[in-house]
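File shown: protein33.txt (compact mmCIF, C-alpha atoms and all ligand atoms).
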```txt
# COMPACT_ATOMS: atom_id res chain seq x y z
CA MET W 26 86.75 126.34 117.81
CA ALA W 27 89.94 124.77 119.22
CA GLU W 28 90.80 121.30 117.90
CA THR W 29 90.51 118.53 120.51
CA ILE W 30 93.95 117.20 121.42
CA LYS W 31 94.22 113.43 121.02
CA THR W 32 97.04 111.66 122.82
CA PRO W 33 98.31 108.06 122.57
CA ALA W 34 96.88 107.46 126.07
CA ASP W 35 93.42 108.38 124.75
CA SER W 36 93.56 105.50 122.26
CA ALA W 37 95.11 102.94 124.61
CA VAL W 38 93.36 99.57 124.79
CA GLU W 39 94.01 96.67 127.14
CA THR W 40 92.42 93.27 126.72
CA ARG W 41 93.02 89.77 127.99
CA TYR W 42 92.72 86.21 126.65
CA LEU W 43 93.08 82.77 128.21
CA VAL W 44 95.21 80.50 126.01
CA MET W 45 93.15 77.41 125.17
CA PRO W 46 94.19 74.14 123.48
CA GLY W 47 92.57 75.31 120.22
CA ASN W 48 95.08 78.19 120.11
CA ALA W 49 98.09 75.92 120.59
CA ASN W 50 100.36 73.50 118.75
CA ALA W 51 101.29 69.93 119.73
CA PHE W 52 103.89 71.26 122.20
CA GLY W 53 101.30 73.22 124.14
CA THR W 54 102.47 76.66 123.07
CA ALA W 55 100.28 79.21 121.29
CA PHE W 56 100.42 79.39 117.49
CA GLY W 57 102.08 82.52 116.14
CA GLY W 58 99.01 82.99 113.95
CA ALA W 59 96.68 82.98 116.98
CA ILE W 60 98.82 85.63 118.68
CA ILE W 61 98.89 87.74 115.50
CA GLY W 62 95.08 87.49 115.31
CA TRP W 63 94.80 88.91 118.84
CA ILE W 64 97.34 91.63 117.96
CA ASP W 65 95.37 92.63 114.85
CA MET W 66 92.14 92.85 116.84
CA VAL W 67 93.48 95.00 119.69
CA ALA W 68 95.37 97.25 117.24
CA ALA W 69 92.17 97.85 115.26
CA MET W 70 90.34 98.81 118.45
CA ALA W 71 93.06 101.34 119.39
CA ALA W 72 93.04 102.84 115.88
CA GLN W 73 89.23 103.07 115.86
CA LYS W 74 89.36 104.78 119.24
CA HIS W 75 91.77 107.38 117.84
CA CYS W 76 90.00 108.17 114.58
CA GLY W 77 86.36 107.28 115.31
CA ARG W 78 86.12 105.53 111.93
CA GLN W 79 86.17 102.06 110.47
CA VAL W 80 89.73 100.91 109.87
CA VAL W 81 91.47 98.23 107.82
CA THR W 82 94.83 96.66 108.44
CA ALA W 83 97.39 97.64 105.80
CA GLY W 84 100.31 95.76 107.34
CA ILE W 85 101.71 94.04 110.40
CA ASP W 86 105.45 94.07 110.82
CA SER W 87 108.33 93.73 113.24
CA VAL W 88 106.53 90.86 114.95
CA ALA W 89 108.96 89.61 117.57
CA PHE W 90 108.07 86.41 119.45
CA GLU W 91 110.32 86.86 122.48
CA ALA W 92 108.92 84.19 124.80
CA PRO W 93 106.52 81.26 124.33
CA VAL W 94 102.93 81.48 125.56
CA CYS W 95 101.49 78.24 126.98
CA ILE W 96 98.03 76.71 127.33
CA GLY W 97 96.52 78.04 130.58
CA ASP W 98 98.51 81.29 130.50
CA GLN W 99 96.59 84.53 130.54
CA VAL W 100 97.78 87.00 127.94
CA VAL W 101 97.39 90.73 128.40
CA LEU W 102 97.46 92.79 125.19
CA LEU W 103 98.34 96.48 125.37
CA ALA W 104 97.90 98.69 122.31
CA ALA W 105 98.13 102.41 121.58
CA VAL W 106 98.55 104.62 118.53
CA ASN W 107 102.24 105.54 118.20
CA TYR W 108 102.10 107.78 115.17
CA VAL W 109 99.67 109.23 112.65
CA SER W 110 100.49 110.11 109.04
CA HIS W 111 97.65 111.27 106.79
CA THR W 112 95.14 108.41 106.59
CA SER W 113 97.22 105.76 108.35
CA MET W 114 98.11 105.10 111.97
CA GLU W 115 100.89 102.98 113.45
CA VAL W 116 99.77 101.09 116.55
CA GLY W 117 102.28 99.47 118.88
CA VAL W 118 101.15 96.24 120.56
CA LYS W 119 102.75 94.41 123.44
CA VAL W 120 101.61 90.90 124.46
CA ILE W 121 102.38 90.03 128.07
CA LYS W 122 101.91 86.51 129.40
CA GLU W 123 100.80 86.18 132.99
CA ASP W 124 101.07 83.06 135.11
CA PRO W 125 97.66 82.88 136.85
CA ALA W 126 99.17 81.10 139.87
CA THR W 127 102.00 83.53 140.63
CA GLY W 128 100.95 86.66 138.73
CA GLN W 129 104.45 86.74 137.19
CA ARG W 130 104.47 88.76 133.94
CA VAL W 131 106.80 88.36 130.95
CA THR W 132 106.66 90.25 127.63
CA ALA W 133 106.02 87.53 125.03
CA THR W 134 105.47 89.35 121.73
CA ARG W 135 105.75 92.86 120.29
CA ALA W 136 104.46 94.11 116.94
CA PHE W 137 103.66 97.24 114.96
CA VAL W 138 100.43 97.39 112.98
CA THR W 139 99.52 99.93 110.29
CA LEU W 140 95.82 100.67 110.01
CA VAL W 141 94.07 102.95 107.54
CA ALA W 142 90.83 104.82 108.27
CA ILE W 143 88.21 104.35 105.57
CA ASP W 144 85.00 106.14 104.65
CA GLU W 145 81.63 104.67 103.67
CA ASN W 146 82.99 103.86 100.21
CA HIS W 147 86.06 102.11 101.66
CA HIS W 148 88.35 104.94 100.55
CA PRO W 149 91.17 106.11 102.84
CA ILE W 150 90.18 109.22 104.82
CA PRO W 151 92.35 111.62 106.90
CA VAL W 152 92.61 110.91 110.62
CA PRO W 153 92.94 113.36 113.55
CA LYS W 154 96.42 114.50 114.57
CA LEU W 155 98.17 112.74 117.42
CA THR W 156 99.76 114.79 120.19
CA PRO W 157 102.23 112.75 122.26
CA GLN W 158 102.50 114.22 125.76
CA THR W 159 104.87 112.16 127.88
CA ASP W 160 108.56 111.51 127.17
CA GLU W 161 107.71 107.85 126.49
CA GLU W 162 104.95 108.80 124.00
CA LYS W 163 107.34 111.22 122.27
CA ARG W 164 110.05 108.52 122.05
CA ARG W 165 107.56 106.04 120.54
CA ALA W 166 106.32 108.65 118.05
CA SER W 167 109.80 109.56 116.82
CA ASN W 168 110.77 105.88 116.44
CA ALA W 169 107.49 105.22 114.60
CA ALA W 170 108.14 108.14 112.23
CA LEU W 171 111.38 106.43 111.15
CA ARG W 172 109.58 103.12 110.56
CA VAL W 173 106.74 104.78 108.60
CA GLN W 174 109.30 106.52 106.36
CA ALA W 175 111.24 103.27 105.90
CA ARG W 176 108.08 101.33 104.97
CA LYS W 177 107.11 103.96 102.38
CA GLN W 178 110.59 103.92 100.85
CA LEU W 179 110.64 100.12 100.72
CA ARG W 180 107.24 100.02 99.00
CA GLN W 181 108.40 102.61 96.45
CA GLN W 182 111.70 100.83 95.78
CA THR W 183 110.17 97.35 95.47
CA THR W 184 107.30 97.98 93.05
CA ARG W 185 105.47 94.90 91.84
C1 LIG F 201 95.14 99.63 102.99
C2 LIG F 201 94.39 100.22 101.80
C3 LIG F 201 93.09 100.90 102.32
C4 LIG F 201 95.29 101.31 101.18
O1 LIG F 201 94.58 101.83 100.12
P1 LIG F 201 95.31 102.56 98.85
O2 LIG F 201 94.30 102.75 97.83
O3 LIG F 201 96.57 101.82 98.56
O4 LIG F 201 95.57 103.96 99.46
P2 LIG F 201 96.90 104.84 99.54
O5 LIG F 201 97.97 104.42 98.60
O6 LIG F 201 96.40 106.25 99.46
O7 LIG F 201 97.41 104.55 101.01
C5 LIG F 201 96.66 104.98 102.12
C6 LIG F 201 97.56 104.94 103.33
O8 LIG F 201 97.90 103.58 103.59
C7 LIG F 201 99.30 103.47 103.69
N1 LIG F 201 99.65 102.15 103.19
C8 LIG F 201 99.27 101.61 102.03
N2 LIG F 201 99.78 100.37 101.91
C9 LIG F 201 100.48 100.13 103.03
C10 LIG F 201 101.25 99.02 103.52
N3 LIG F 201 101.39 97.92 102.80
N4 LIG F 201 101.85 99.13 104.71
C11 LIG F 201 101.73 100.25 105.46
N5 LIG F 201 101.01 101.34 105.06
C12 LIG F 201 100.40 101.26 103.85
C13 LIG F 201 99.86 104.59 102.84
O9 LIG F 201 101.17 104.93 103.24
C14 LIG F 201 98.86 105.69 103.13
O10 LIG F 201 99.20 106.28 104.38
P3 LIG F 201 99.07 107.89 104.61
O11 LIG F 201 97.79 108.36 103.95
O12 LIG F 201 98.99 108.04 106.09
O13 LIG F 201 100.29 108.51 104.01
C15 LIG F 201 94.04 99.16 100.71
O14 LIG F 201 95.24 98.63 100.18
C16 LIG F 201 93.19 98.02 101.25
O15 LIG F 201 91.98 98.16 101.40
N6 LIG F 201 93.83 96.87 101.56
C17 LIG F 201 93.11 95.71 102.10
C18 LIG F 201 92.90 95.88 103.61
C19 LIG F 201 92.42 94.60 104.23
O16 LIG F 201 91.59 93.91 103.68
N7 LIG F 201 92.96 94.29 105.44
C20 LIG F 201 92.67 93.06 106.12
C21 LIG F 201 91.38 93.04 106.84
S1 LIG F 201 91.06 94.46 107.84
```
Using the file provided, produce a representation of the structure as structure tokens.
Ligand SMILES: CC(C)(COP(=O)(O)OP(=O)(O)OC[C@H]1O[C@@H](n2cnc3c(N)ncnc32)[C@H](O)[C@@H]1OP(=O)(O)O)[C@@H](O)C(=O)NCCC(=O)NCCS
Amino acid sequence: MAETIKTPADSAVETRYLVMPGNANAFGTAFGGAIIGWIDMVAAMAAQKHCGRQVVTAGIDSVAFEAPVCIGDQVVLLAAVNYVSHTSMEVGVKVIKEDPATGQRVTATRAFVTLVAIDENHHPIPVPKLTPQTDEEKRRASNAALRVQARKQLRQQTTR
């Protein structure tokens, strides 16, 4: 039987939060940690959608806070699987802040999250292949392949 093709679009997740005072610092802007929590959550949902398994976060990197997010802003989180290795998946996440009054949108944060599929015994388990279709999906996959390779090399070269 032919294998089902899974594309990044198939795993895409979009969710939304309203930034509340409990998420913010004394200057009224969202804590980096609150934003990373949202990123982790949406990335896990995209990875689960791709592999149909439980997943754990192995790492979050390249977090770039490009614009502040303020109390009262709505944030839109977009996530999709960029690249699949053997048991791990790299998910790209973009956080967009939206002014509820004007609808104006600005990209606030970007990050890459590595998640690993696990079985019932919490052991890593292989995930389905990813088949990028569009030029944009192919560009993201080839960039992600470089990052995955670089992360592996760094872990090997900096043993604890
Ligand atoms: C992530 C985890 C499952 C990896 O398990 P492990 O026994 O080290 O397994 P492996 O060495 O076989 O690595 C499994 C995969 O994870 C990847 N990986 C491991 N550590 C990683 C890291 N720090 N960053 C990115 N990828 C990592 C490996 O490259 C491998 O990918 P591949 O199979 O696609 O090539 C394990 O370290 C773990 O459970 N960590 C805690 C997770 C957690 O509690 N997260 C927070 C809450 S969800």
- Neighbours of ligand LIG 201 (chain F) within 8 Å, counting all atoms listed in the file, as a PyMOL selection string? chain W and resi 80-85+109-114+139-143+147-151+173+176-177+180
- Message: Restricting the calculation to all atoms listed in the file: of W:Ile30, W:Ala37, W:Leu43, W:Val138, which residue gets closest to Ala104 of chain W?
- Response: W:Ala37
- Message: One number please: atom CA of Glu91 of chain W to atom CA of Ala136 of chain W, in Å, one decimal.
- Response: 10.8 Å
- Task: Between W:Ser36, W:Asn48, W:Val94, W:Asn107, single out the one closest to Lys74 of chain W, counting all atoms listed in the file.
- Result: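 The answer is W:Ser36, which sits nearest to Lys74 of chain W.
In this model, the gap between atom CA of Val101 of chain W and atom CA of Leu171 of chain W comes to 27.2 Å.
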- Name the closest residue to Phe52 of chain W among the candidates W:Thr29, W:Pro93, W:Pro153, W:Tyr108; distances are taken between atoms, counting only C-alpha atoms.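 Among W:Thr29, W:Pro93, W:Pro153, W:Tyr108, it is W:Pro93 that comes nearest to Phe52 of chain W.
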- Message: Can you tell me which residues surround Gly53 of chain W at a distance of at most 12 Å, considering only C-alpha atoms, apart from same-chain residues fewer than 3 positions away, and format the answer as number ranges by chain?
- Response: W: 44-50, 56, 93-98
- Message: Between atom CA of Ala89 of chain W and atom CA of Val120 of chain W, what is the distance in Å, rounded to a tenth?
- Response: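 Going from atom CA of Ala89 of chain W over to atom CA of Val120 of chain W, I get 10.2 Å.
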- Using all atoms listed in the file, find all polymer residues with an atom at most 12 Å away from the point (105.9, 91.2, 112.4); report them as a list in words.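 Residues with an atom close enough to that point: Gly57, Gly58, Ile60, Ile61, Gly62, Ile64, Asp65, Gly84, Ile85, Asp86, Ser87, Val88, Ala89, Phe90, Glu91, Gly117, Val118, Lys119, Thr134, Arg135, Ala136, Phe137, Val138 and Thr139 of chain W.
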Could you work out an axis-aligned box for segment 129-144 of chain W, taking every atom the file lists and adding 5 Å on each side, and report centre and edge lengths in Å to one decimal, as lines of an AutoDock Vina configuration file?
```
center_x = 95.9
center_y = 96.4
center_z = 120.9
size_x = 31.8
size_y = 29.4
size_z = 42.5
```
- Query: Using all atoms listed in the file, which residues sit within 8 Å of Ala92 of chain W once same-chain residues fewer than 5 positions away are excluded, as a PyMOL selection string?
  - Reply: chain W and resi 131-134
- Neighbours of Val67 of chain W within 8 Å (only C-alpha atoms; same-chain residues fewer than 3 positions away dropped), as an NGL selection string? :W and (38-40 or 63-64 or 70-71 or 102-104 or 118)
Please, could you write that set of residues out with C-alpha atoms as a CSV table (one decimal), in the coordinates of the input?
```csv
chain,number,residue,atom,x,y,z
W,38,VAL,CA,93.4,99.6,124.8
W,39,GLU,CA,94.0,96.7,127.1
W,40,THR,CA,92.4,93.3,126.7
W,63,TRP,CA,94.8,88.9,118.8
W,64,ILE,CA,97.3,91.6,118.0
W,70,MET,CA,90.3,98.8,118.4
W,71,ALA,CA,93.1,101.3,119.4
W,102,LEU,CA,97.5,92.8,125.2
W,103,LEU,CA,98.3,96.5,125.4
W,104,ALA,CA,97.9,98.7,122.3
W,118,VAL,CA,101.2,96.2,120.6
```
- Message: Under the rule that only C-alpha atoms are counted, which of W:Val106, W:Ala175, W:Val100, W:Ala55 is the nearest residue to Cys76 of chain W?
- Response: W:Val106
